[in-house]
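Dropping final-v7.cif in here (mmCIF, C-alpha atoms):
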```cif
data_protein
loop_
_atom_site.label_atom_id
_atom_site.label_comp_id
_atom_site.auth_asym_id
_atom_site.auth_seq_id
_atom_site.Cartn_x
_atom_site.Cartn_y
_atom_site.Cartn_z
CA MET L 1 21.34 -34.37 -12.76
CA THR L 2 18.20 -32.29 -12.36
CA THR L 3 15.55 -32.94 -9.78
CA THR L 4 11.91 -32.07 -9.93
CA ALA L 5 9.77 -30.74 -7.10
CA PRO L 6 7.94 -33.42 -5.13
CA PRO L 7 4.34 -33.85 -6.30
CA TYR L 8 3.06 -32.86 -2.85
CA ARG L 9 4.94 -29.55 -2.67
CA VAL L 10 2.66 -26.53 -2.16
CA THR L 11 3.21 -23.87 -4.83
CA PRO L 12 1.18 -20.75 -5.72
CA ALA L 13 0.19 -22.31 -9.05
CA ARG L 14 -1.10 -25.45 -7.37
CA VAL L 15 -3.06 -23.48 -4.78
CA LEU L 16 -4.54 -21.38 -7.56
CA ARG L 17 -5.49 -24.47 -9.55
CA SER L 18 -7.02 -26.06 -6.47
CA GLU L 19 -9.18 -23.02 -5.72
CA TRP L 20 -10.22 -22.78 -9.36
CA HIS L 21 -11.33 -26.40 -9.33
CA LYS L 22 -13.08 -25.93 -6.00
CA LEU L 23 -14.99 -22.89 -7.24
CA TRP L 24 -16.33 -24.59 -10.36
CA THR L 25 -17.35 -27.81 -8.62
CA LEU L 26 -19.76 -25.95 -6.34
CA ARG L 27 -23.38 -25.83 -7.44
CA SER L 28 -23.72 -22.38 -5.87
CA THR L 29 -21.17 -21.00 -8.34
CA TRP L 30 -23.24 -21.99 -11.36
CA ILE L 31 -26.49 -20.83 -9.76
CA ASN L 32 -25.19 -17.39 -8.79
CA LEU L 33 -23.40 -16.76 -12.06
CA ALA L 34 -26.43 -17.85 -14.06
CA ALA L 35 -28.69 -15.67 -11.92
CA THR L 36 -26.35 -12.71 -12.42
CA ALA L 37 -26.48 -12.96 -16.19
CA ALA L 38 -30.18 -13.78 -16.37
CA LEU L 39 -31.33 -10.98 -14.06
CA THR L 40 -29.15 -8.38 -15.77
CA LEU L 41 -30.47 -9.38 -19.19
CA ALA L 42 -34.11 -9.71 -18.12
CA MET L 43 -34.16 -6.42 -16.23
CA GLY L 44 -32.40 -4.51 -19.00
CA ILE L 45 -34.64 -5.83 -21.75
CA GLY L 46 -37.78 -5.60 -19.61
CA VAL L 47 -37.42 -1.96 -18.56
CA SER L 48 -36.37 -0.98 -22.07
CA ALA L 49 -39.35 -2.71 -23.67
CA ALA L 50 -41.70 -0.99 -21.23
CA TYR L 51 -40.11 2.45 -21.55
CA ASP L 52 -42.15 4.98 -23.51
CA GLY L 53 -39.85 7.96 -23.12
CA SER L 54 -41.85 9.68 -20.40
CA GLY L 55 -40.24 8.45 -17.18
CA GLY L 56 -36.50 8.47 -17.79
CA GLY L 57 -35.95 11.54 -15.68
CA GLY L 58 -32.64 12.25 -17.38
CA MET L 59 -31.12 8.97 -16.19
CA ASP L 60 -27.84 8.02 -17.81
CA THR L 61 -28.43 5.55 -20.66
CA VAL L 62 -25.94 2.91 -19.52
CA VAL L 63 -27.18 3.12 -15.93
CA PHE L 64 -30.75 2.74 -17.22
CA VAL L 65 -29.98 -0.31 -19.35
CA LEU L 66 -27.93 -1.95 -16.59
CA LEU L 67 -30.49 -1.52 -13.81
CA GLY L 68 -30.39 -5.30 -13.46
CA THR L 69 -26.88 -5.13 -12.08
CA GLN L 70 -28.47 -4.09 -8.80
CA PHE L 71 -29.33 -7.77 -8.48
CA ALA L 72 -25.80 -8.68 -9.55
CA THR L 73 -24.36 -6.81 -6.58
CA ILE L 74 -26.21 -9.32 -4.39
CA THR L 75 -25.82 -12.56 -6.35
CA LEU L 76 -22.09 -12.08 -6.88
CA ALA L 77 -21.63 -11.02 -3.26
CA VAL L 78 -23.31 -14.21 -2.09
CA LEU L 79 -20.94 -16.18 -4.32
CA GLY L 80 -17.95 -14.38 -2.83
CA ILE L 81 -19.13 -14.88 0.74
CA LEU L 82 -19.79 -18.58 0.17
CA ALA L 83 -16.24 -18.98 -1.18
CA THR L 84 -14.83 -18.12 2.25
CA ALA L 85 -17.48 -18.16 5.00
CA GLY L 86 -19.11 -21.17 3.35
CA GLU L 87 -15.98 -23.21 4.00
CA TYR L 88 -16.09 -22.29 7.67
CA SER L 89 -19.73 -23.32 7.95
CA THR L 90 -19.02 -26.76 6.47
CA GLY L 91 -15.68 -27.27 8.22
CA GLN L 92 -13.85 -27.72 4.91
CA ILE L 93 -11.57 -24.83 5.83
CA ARG L 94 -9.64 -27.15 8.16
CA ALA L 95 -8.64 -29.39 5.28
CA THR L 96 -7.78 -26.36 3.14
CA MET L 97 -5.50 -24.82 5.75
CA THR L 98 -3.91 -28.17 6.56
CA ALA L 99 -2.95 -28.51 2.92
CA VAL L 100 -1.72 -24.87 2.75
CA PRO L 101 -0.40 -24.06 6.24
CA ARG L 102 0.87 -20.60 5.21
CA ARG L 103 -2.82 -19.67 4.72
CA LEU L 104 -2.45 -16.39 2.84
CA PRO L 105 -1.95 -18.04 -0.59
CA VAL L 106 -5.44 -19.48 -0.13
CA LEU L 107 -6.91 -15.99 0.28
CA TRP L 108 -5.05 -14.55 -2.73
CA SER L 109 -6.04 -17.54 -4.84
CA LYS L 110 -9.70 -17.35 -3.86
CA ALA L 111 -9.79 -13.65 -4.72
CA ALA L 112 -8.00 -14.21 -8.03
CA VAL L 113 -10.19 -17.06 -9.28
CA LEU L 114 -13.38 -15.28 -8.23
CA ALA L 115 -12.32 -12.13 -10.07
CA ALA L 116 -11.38 -14.22 -13.11
CA ALA L 117 -14.89 -15.70 -13.13
CA ALA L 118 -16.85 -12.53 -12.33
CA PHE L 119 -15.28 -9.98 -14.68
CA PRO L 120 -15.70 -11.83 -18.02
CA LEU L 121 -19.24 -12.85 -17.11
CA CYS L 122 -20.26 -9.29 -16.20
CA LEU L 123 -18.52 -7.76 -19.20
CA TRP L 124 -20.06 -10.11 -21.77
CA THR L 125 -23.47 -9.87 -20.11
CA ASN L 126 -23.29 -6.07 -20.30
CA LEU L 127 -22.16 -6.16 -23.93
CA LEU L 128 -25.10 -8.42 -24.77
CA THR L 129 -27.69 -6.57 -22.69
CA PHE L 130 -26.95 -3.12 -24.10
CA PRO L 131 -27.68 -3.73 -27.81
CA LEU L 132 -30.67 -5.96 -27.01
CA ALA L 133 -32.14 -3.24 -24.79
CA GLN L 134 -31.39 -0.55 -27.36
CA ALA L 135 -33.58 -2.41 -29.86
CA PHE L 136 -36.53 -1.04 -27.87
CA LEU L 137 -35.11 2.44 -27.22
CA GLY L 138 -34.45 3.71 -30.73
CA ASP L 139 -37.08 6.48 -30.63
CA THR L 140 -36.55 7.57 -27.03
CA ASP L 141 -34.18 9.81 -25.12
CA GLN L 142 -32.33 6.66 -23.97
CA SER L 143 -31.23 5.76 -27.49
CA ALA L 144 -27.48 5.13 -27.84
CA SER L 145 -25.03 2.79 -29.52
CA LEU L 146 -21.89 0.96 -28.46
CA GLY L 147 -19.84 3.43 -30.50
CA ASP L 148 -21.09 6.49 -28.63
CA PRO L 149 -18.60 8.28 -26.34
CA ASP L 150 -17.97 6.51 -23.03
CA VAL L 151 -20.57 3.77 -23.59
CA LEU L 152 -18.01 0.96 -23.76
CA ARG L 153 -16.15 2.56 -20.87
CA GLY L 154 -19.33 2.51 -18.81
CA LEU L 155 -20.09 -1.13 -19.63
CA ALA L 156 -16.53 -2.21 -18.81
CA GLY L 157 -16.43 0.02 -15.73
CA ASN L 158 -19.58 -1.60 -14.42
CA ALA L 159 -18.04 -5.05 -14.87
CA ALA L 160 -14.85 -3.97 -13.09
CA GLY L 161 -16.84 -2.43 -10.25
CA LEU L 162 -18.95 -5.55 -9.77
CA THR L 163 -15.79 -7.66 -9.71
CA LEU L 164 -14.25 -5.50 -6.99
CA LEU L 165 -17.47 -5.70 -4.98
CA THR L 166 -17.33 -9.49 -5.29
CA VAL L 167 -13.78 -9.51 -3.88
CA LEU L 168 -14.94 -7.19 -1.09
CA ALA L 169 -17.72 -9.62 -0.20
CA LEU L 170 -15.30 -12.55 -0.25
CA CYS L 171 -13.13 -10.73 2.27
CA LEU L 172 -16.10 -9.95 4.52
CA GLY L 173 -16.80 -13.66 4.56
CA ALA L 174 -13.22 -14.37 5.57
CA VAL L 175 -13.34 -11.79 8.38
CA THR L 176 -16.72 -12.74 9.85
CA ARG L 177 -16.50 -16.49 9.09
CA SER L 178 -20.29 -16.51 9.01
CA VAL L 179 -22.50 -16.38 5.92
CA PRO L 180 -25.37 -14.46 7.60
CA LEU L 181 -23.02 -11.98 9.31
CA ALA L 182 -21.08 -11.36 6.12
CA ILE L 183 -24.26 -10.77 4.09
CA GLY L 184 -25.52 -8.40 6.77
CA ALA L 185 -22.23 -6.49 6.84
CA TYR L 186 -22.19 -6.26 3.04
CA ILE L 187 -25.75 -4.96 2.79
CA GLY L 188 -25.08 -2.52 5.62
CA LEU L 189 -21.99 -1.16 3.87
CA LEU L 190 -23.63 -0.83 0.46
CA MET L 191 -27.17 0.19 1.26
CA ILE L 192 -27.65 1.32 4.86
CA LEU L 193 -24.51 3.12 6.04
CA PRO L 194 -24.37 5.59 3.09
CA GLU L 195 -28.03 6.56 3.66
CA VAL L 196 -27.43 7.11 7.36
CA LEU L 197 -24.31 9.19 6.77
CA ALA L 198 -26.06 11.25 4.08
CA MET L 199 -28.45 12.55 6.74
CA LEU L 200 -25.62 14.27 8.58
CA PRO L 201 -25.47 18.02 7.86
CA TYR L 202 -21.82 18.13 6.82
CA ALA L 203 -20.51 18.72 3.32
CA PHE L 204 -17.43 16.54 3.80
CA VAL L 205 -19.69 13.61 4.69
CA ASP L 206 -21.51 13.96 1.37
CA ASP L 207 -18.17 13.92 -0.43
CA ALA L 208 -17.14 10.79 1.47
CA VAL L 209 -20.41 9.01 0.71
CA ASP L 210 -19.80 9.57 -3.01
CA HIS L 211 -16.80 7.24 -2.69
CA PHE L 212 -18.64 4.42 -0.90
CA PRO L 213 -18.87 1.16 -2.90
CA ALA L 214 -22.42 1.47 -4.29
CA GLN L 215 -22.00 5.11 -5.23
CA ALA L 216 -18.60 4.46 -6.83
CA LEU L 217 -20.14 1.64 -8.89
CA GLN L 218 -22.81 3.96 -10.26
CA THR L 219 -20.17 6.56 -11.12
CA LEU L 220 -18.17 3.90 -12.96
CA THR L 221 -21.25 2.86 -14.92
CA ALA L 222 -22.45 6.32 -15.97
CA THR L 223 -21.26 7.92 -19.19
CA ASP L 224 -21.85 11.48 -18.03
CA THR L 225 -19.44 11.41 -15.11
CA ALA L 226 -16.20 13.35 -14.98
CA SER L 227 -14.40 11.11 -12.51
CA PRO L 228 -14.60 7.40 -13.42
CA GLY L 229 -10.93 7.00 -12.55
CA THR L 230 -11.53 8.30 -9.03
CA ALA L 231 -14.46 5.91 -8.60
CA LEU L 232 -12.35 2.97 -9.75
CA ILE L 233 -9.58 3.91 -7.33
CA ALA L 234 -12.11 4.23 -4.51
CA LEU L 235 -13.51 0.77 -5.17
CA ALA L 236 -10.02 -0.70 -5.50
CA LEU L 237 -9.10 0.81 -2.13
CA TRP L 238 -12.21 -0.66 -0.52
CA ALA L 239 -11.29 -4.08 -1.90
CA ALA L 240 -7.64 -3.68 -0.84
CA ALA L 241 -8.64 -2.67 2.69
CA ALA L 242 -10.94 -5.68 2.91
CA LEU L 243 -8.16 -7.96 1.66
CA ALA L 244 -5.80 -6.56 4.29
CA ALA L 245 -8.40 -7.12 7.03
CA ALA L 246 -9.05 -10.66 5.81
CA ALA L 247 -5.32 -11.44 5.65
CA THR L 248 -4.79 -10.14 9.19
CA THR L 249 -7.71 -12.18 10.50
CA LEU L 250 -6.54 -15.30 8.71
CA ARG L 251 -3.05 -15.06 10.16
CA ARG L 252 -3.99 -14.22 13.74
CA ARG L 253 -7.02 -16.40 14.39
CA ASP L 254 -7.24 -20.14 14.68
CA VAL L 255 -9.20 -21.99 12.05
#
```

Encoded form using structure tokens:
Amino acid sequence: MTTTAPPYRVTPARVLRSEWHKLWTLRSTWINLAATAALTLAMGIGVSAAYDGSGGGGMDTVVFVLLGTQFATITLAVLGILATAGEYSTGQIRATMTAVPRRLPVLWSKAAVLAAAAFPLCLWTNLLTFPLAQAFLGDTDQSASLGDPDVLRGLAGNAAGLTLLTVLALCLGAVTRSVPLAIGAYIGLLMILPEVLAMLPYAFVDDAVDHFPAQALQTLTATDTASPGTALIALALWAAAALAAAATTLRRRDV
């Protein structure tokens, strides 16, 4: 005679399904994902329509068209932070951890479902934005097509980079357990700390700054870079380090 697992048994698949359901029942998920797509499209089409070929300054074509993803780094980060720190602010985290007392499966599941939502959205938004923007750039130095060398790689690399940044933000939310603190830490890491370090008169500091999250994302997006693989590894390491910090915090601190 075979026996089946009790319906209340906690399994990785059930935790994953629970976090997936939780993510898509939040209004903030729909708002942030819609804002990500809309801002990327609007910015890409808007700057392309206004471009007359005189102010490109040699900017990489994919970077130029995807200028709107600067907003995506914020909207997706807010979504990631709300997925963890938001639960602490509402107190829902107590129910979550009571249902999954081992805790860490919750973190892995949150990261997995957020990545599964962010990557396809970013990729399809990029694939839609590029040809629409190119409709206005045919007679300029920013003219390109999806079949040109490294264009698809740049569009996909941008989507992968944004996804890793979203996971990084989720982990900052888990570590700080505060939405304002996590947003502050994220902005400091992406925008402030690299600028401060770049002022130091040391060559090795400049090399290190090139592997910070925002700089690695731009390298992944550009078609004229020689090291997209290094940039992807750098971003993956940032996300892995953040996951390790979040896992340690989750195990050692009370809810």

ask   = Near stretch 66-82 of chain L, within 9 Å and counting only C-alpha atoms, which residues show up once chain neighbours fewer than 6 positions away are dropped, as a PyMOL selection string?
value = chain L and resi 28-29+31-33+35-44+47+110-111+114+118+122+126+129-130+155+158+162-163+165-174+177-179+182-183+186-187+214+221

Interatomic distance (Å, one decimal) between atom CA of L:Val175 and atom CA of L:Ala99 =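 Atom CA of L:Ala99 lies at a distance of 20.4 Å from atom CA of L:Val175.
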
task = Quick one: pull the distance between atom CA of L:Leu197 and atom CA of L:His211, Å, one decimal.
result =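 Computed distance, atom CA of L:Leu197 to atom CA of L:His211, equals 12.2 Å.
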
task = Excluding L:Thr248 and residues on its chain fewer than 2 positions from it, collect all residues at most 12 Å away from it, counting only C-alpha atoms, and give them as a list in words.
result = Arg103, Leu104, Leu107, Cys171, Ala174, Val175, Ala241, Ala242, Leu243, Ala244, Ala245, Ala246, Leu250, Arg251, Arg252, Arg253 and Asp254 of chain L

request  = Give as number ranges by chain every residue, naming chains and numbers as the document does, that has an atom within 8 Å of (-6.0, -19.3, -4.4), counting only C-alpha atoms.
outcome  = L: 12, 15-20, 105-113

Let me have the centre and edge lengths in Å, one decimal, of the box along x, y and z around every listed atom of stretch 33-42 of chain L with 6 Å of margin on each side, as AutoDock Vina command-line options.
```
--center_x -28.8 --center_y -13.1 --center_z -15.6 --size_x 22.7 --size_y 21.5 --size_z 19.3
```

request  = Just give me the gap between atom CA of L:Ala239 and atom CA of L:Ala156 in Å, one decimal is fine.
outcome  = 17.8 Å

Top pick for closest residue to L:Val63, considering L:Gln218, L:Ser227, L:Ser143, L:Thr249 and counting only C-alpha atoms =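 Smallest separation from L:Val63 among the options: L:Gln218.
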
Test item: the PyMOL selection byres ((chain L and resi 220) around 8) resolved as a list in words =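 Given this file, the PyMOL selection byres ((chain L and resi 220) around 8) evaluates to Gly154, Gly157, Asn158, Gly161, Ala216, Leu217, Gln218, Thr219, Thr221, Ala222, Thr225, Pro228, Gly229, Ala231 and Leu232 of chain L.
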
Go ahead and save the residues from that selection, with C-alpha atoms, as a PDB file, keeping the file's coordinate frame.
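Saved the output as part_6.pdb:
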```pdb
ATOM      1  CA  GLY L 154     -19.330   2.510 -18.810  1.00  0.00           C
ATOM      2  CA  GLY L 157     -16.430   0.020 -15.730  1.00  0.00           C
ATOM      3  CA  ASN L 158     -19.580  -1.600 -14.420  1.00  0.00           C
ATOM      4  CA  GLY L 161     -16.840  -2.430 -10.250  1.00  0.00           C
ATOM      5  CA  ALA L 216     -18.600   4.460  -6.830  1.00  0.00           C
ATOM      6  CA  LEU L 217     -20.140   1.640  -8.890  1.00  0.00           C
ATOM      7  CA  GLN L 218     -22.810   3.960 -10.260  1.00  0.00           C
ATOM      8  CA  THR L 219     -20.170   6.560 -11.120  1.00  0.00           C
ATOM      9  CA  THR L 221     -21.250   2.860 -14.920  1.00  0.00           C
ATOM     10  CA  ALA L 222     -22.450   6.320 -15.970  1.00  0.00           C
ATOM     11  CA  THR L 225     -19.440  11.410 -15.110  1.00  0.00           C
ATOM     12  CA  PRO L 228     -14.600   7.400 -13.420  1.00  0.00           C
ATOM     13  CA  GLY L 229     -10.930   7.000 -12.550  1.00  0.00           C
ATOM     14  CA  ALA L 231     -14.460   5.910  -8.600  1.00  0.00           C
ATOM     15  CA  LEU L 232     -12.350   2.970  -9.750  1.00  0.00           C
TER      16      LEU L 232
END
```

request  = Pick out the closest residue to L:Asp52 from this set: L:Ala203, L:Ala240, L:Ile93, L:Leu137. Count only C-alpha atoms.
outcome  =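 Checking each of L:Ala203, L:Ala240, L:Ile93, L:Leu137 against L:Asp52, counting only C-alpha atoms, the winner is L:Leu137.
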
query = Of the residues L:Leu190, L:Ala13, L:Ala159, L:Leu26, which is the one nearest to L:Asp210, using all atoms listed in the file?
reply =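 With all atoms listed in the file as the atom set, the closest residue is L:Leu190.
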
message = as a PyMOL selection string, please: the residues near L:Ala144 (cut-off 9 Å, all atoms listed in the file, same-chain neighbours under 6 positions excluded).
response = chain L and resi 61-62+131+134+137-138+151

key: Distance criterion (all atoms listed in the file): nearest to L:Pro213 out of L:Ala117, L:Ala226, L:Ile233, L:Val196   =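 Once distances to L:Pro213 are computed over all atoms listed in the file, the minimum belongs to L:Ile233.
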
Best match for closeness to L:Ser48 among L:Ala133, L:Met97, L:Val10, L:Ala115, counting all atoms listed in the file =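 Looking at the shortest contact to L:Ser48, the residue is L:Ala133.
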
remark   = L:Ala34 proximity check over L:Leu189, L:Leu181, L:Leu127, L:Leu121, using all atoms listed in the file: winner is L:Leu121
